[in-house]
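These notes are about the structure you will find just below.
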Amino acid sequence: MFDIKLAADGRVLLSGRLDASHVKSVRTVLSAITQSCTLDFSELEYISSLGLGVLLEAQKRLTEAGHGLVITNLSVHIADLFKLAGFDLIFEIR
Amino acid sequence: MCAGVSAMQRAFGRSLNSLGEILKFVDVFVEREGLSGKLAFATRLVVEELFANLVRHNEGGEDRVEISLDVDAGLLTLKLWDFSVEPFDIVDREPVDVGRPLGERTAGGLGLHFVKSFFDDLTYECSDGVMCVTATKRIGRSNV
């Protein structure tokens, strides 16, 4: 089960397993973001390359406009994946 | 197609919408084999990446992909069979440069990069319209 929702404080909360079948819903939410934003991964168990691709698209668009995504609370396994993809170099991770 | 006697094997619909069901199938396997958290994560990821590649690149194939998962003599083996497809080597691709700056990055090739990073060997065969992709990983006692 995967879910993505906007918290009252403006953070985007992702939970469950972000496999390739959920990429469309993530793209819809992220494409509406026009300012710097925090994605909270504390409840995210899993992500694959197509999910990472949607994050990359959003980061490119926001960075070109002088903004960016901050990603927080990555699990150990997802943090390993970010390093393997070089995403630790192109996202602010807290 | 038939894997070893201890393998778990099942056919799934050729659609990314099958992924939820596929990941549950992998869950049963990793629990049965007692794989560690890191190896369980890698196994889910590699199965998804290979499956998604077949779905995206072999659009004209039959509406099923068979997946088998096995551990035998310390060798973890994942196999995916795709039917009625034209030969297309999904293994032989340009490596991804993960050190490129953001403006030059694309998501293409990341899935295969993960497969090759997490597993030891990846092979592709295609004969009489049946494609088989096999990923193997030698696992030690620390992995289980």
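The chains in the structure tokens are called A, B, ... from first to last as shown; in each chain the residues are counted from 1, and the ligands are counted from 1 in the order shown.
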
Chain B contacts to chain A at 12 Å (only C-alpha atoms) as a ChimeraX atom specification: /B:15-24,36-53,55-56,95-118

Any idea what's packed within 12 Å of B:Leu35, counting only C-alpha atoms, ignoring anything in its chain fewer than 5 positions away? Could you give it as a ChimeraX atom specification? /B:26-30,40-44,70-71,74,76,139-144

So that I can see what lies close to A:Ser75, please list as an mmCIF file with N, CA and C atoms, in the first residue's frame the residues with an atom at most 8 Å from it, counting only C-alpha atoms and leaving out residues fewer than 4 positions away in the same chain.
data_model
loop_
_atom_site.group_PDB
_atom_site.id
_atom_site.type_symbol
_atom_site.label_atom_id
_atom_site.label_comp_id
_atom_site.auth_asym_id
_atom_site.auth_seq_id
_atom_site.Cartn_x
_atom_site.Cartn_y
_atom_site.Cartn_z
ATOM 1 N N PHE A 41 10.076 11.015 4.417
ATOM 2 C CA PHE A 41 10.111 9.587 4.063
ATOM 3 C C PHE A 41 10.003 8.684 5.293
ATOM 4 N N SER A 42 9.606 9.232 6.432
ATOM 5 C CA SER A 42 9.670 8.422 7.656
ATOM 6 C C SER A 42 8.801 7.164 7.583
ATOM 7 N N LEU A 44 8.040 5.742 4.559
ATOM 8 C CA LEU A 44 8.254 5.120 3.250
ATOM 9 C C LEU A 44 9.166 3.901 3.409
ATOM 10 N N GLU A 45 8.661 2.734 2.996
ATOM 11 C CA GLU A 45 9.406 1.478 3.184
ATOM 12 C C GLU A 45 10.278 1.125 1.995
ATOM 13 N N ALA A 79 18.318 5.170 2.018
ATOM 14 C CA ALA A 79 19.522 6.024 2.014
ATOM 15 C C ALA A 79 20.635 5.368 1.197
#

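Ranking B:Arg93, B:Gly34, B:Gly61, B:Phe119 by their shortest atom-to-atom distance to B:Thr77, with only C-alpha atoms included, puts B:Phe119 first.
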
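With atom CA of A:Arg11 on one side and atom CA of A:Leu30 on the other, the separation reads 11.3 Å.
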
Could you state the separation of atom CA of B:Leu75 and atom CA of B:Ser127 in Å, given to one decimal place?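 Separation of atom CA of B:Leu75 and atom CA of B:Ser127: 24.7 Å.
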
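Those residues that approach B:Val130 to within 10 Å, counting only C-alpha atoms, are Met1, Gly61, Trp81, Asp82, Phe83, Ser84, Val85, Glu86, Pro87, Glu125, Cys126, Ser127, Asp128 and Cys132 of chain B; same-chain residues fewer than 2 positions away are not listed.
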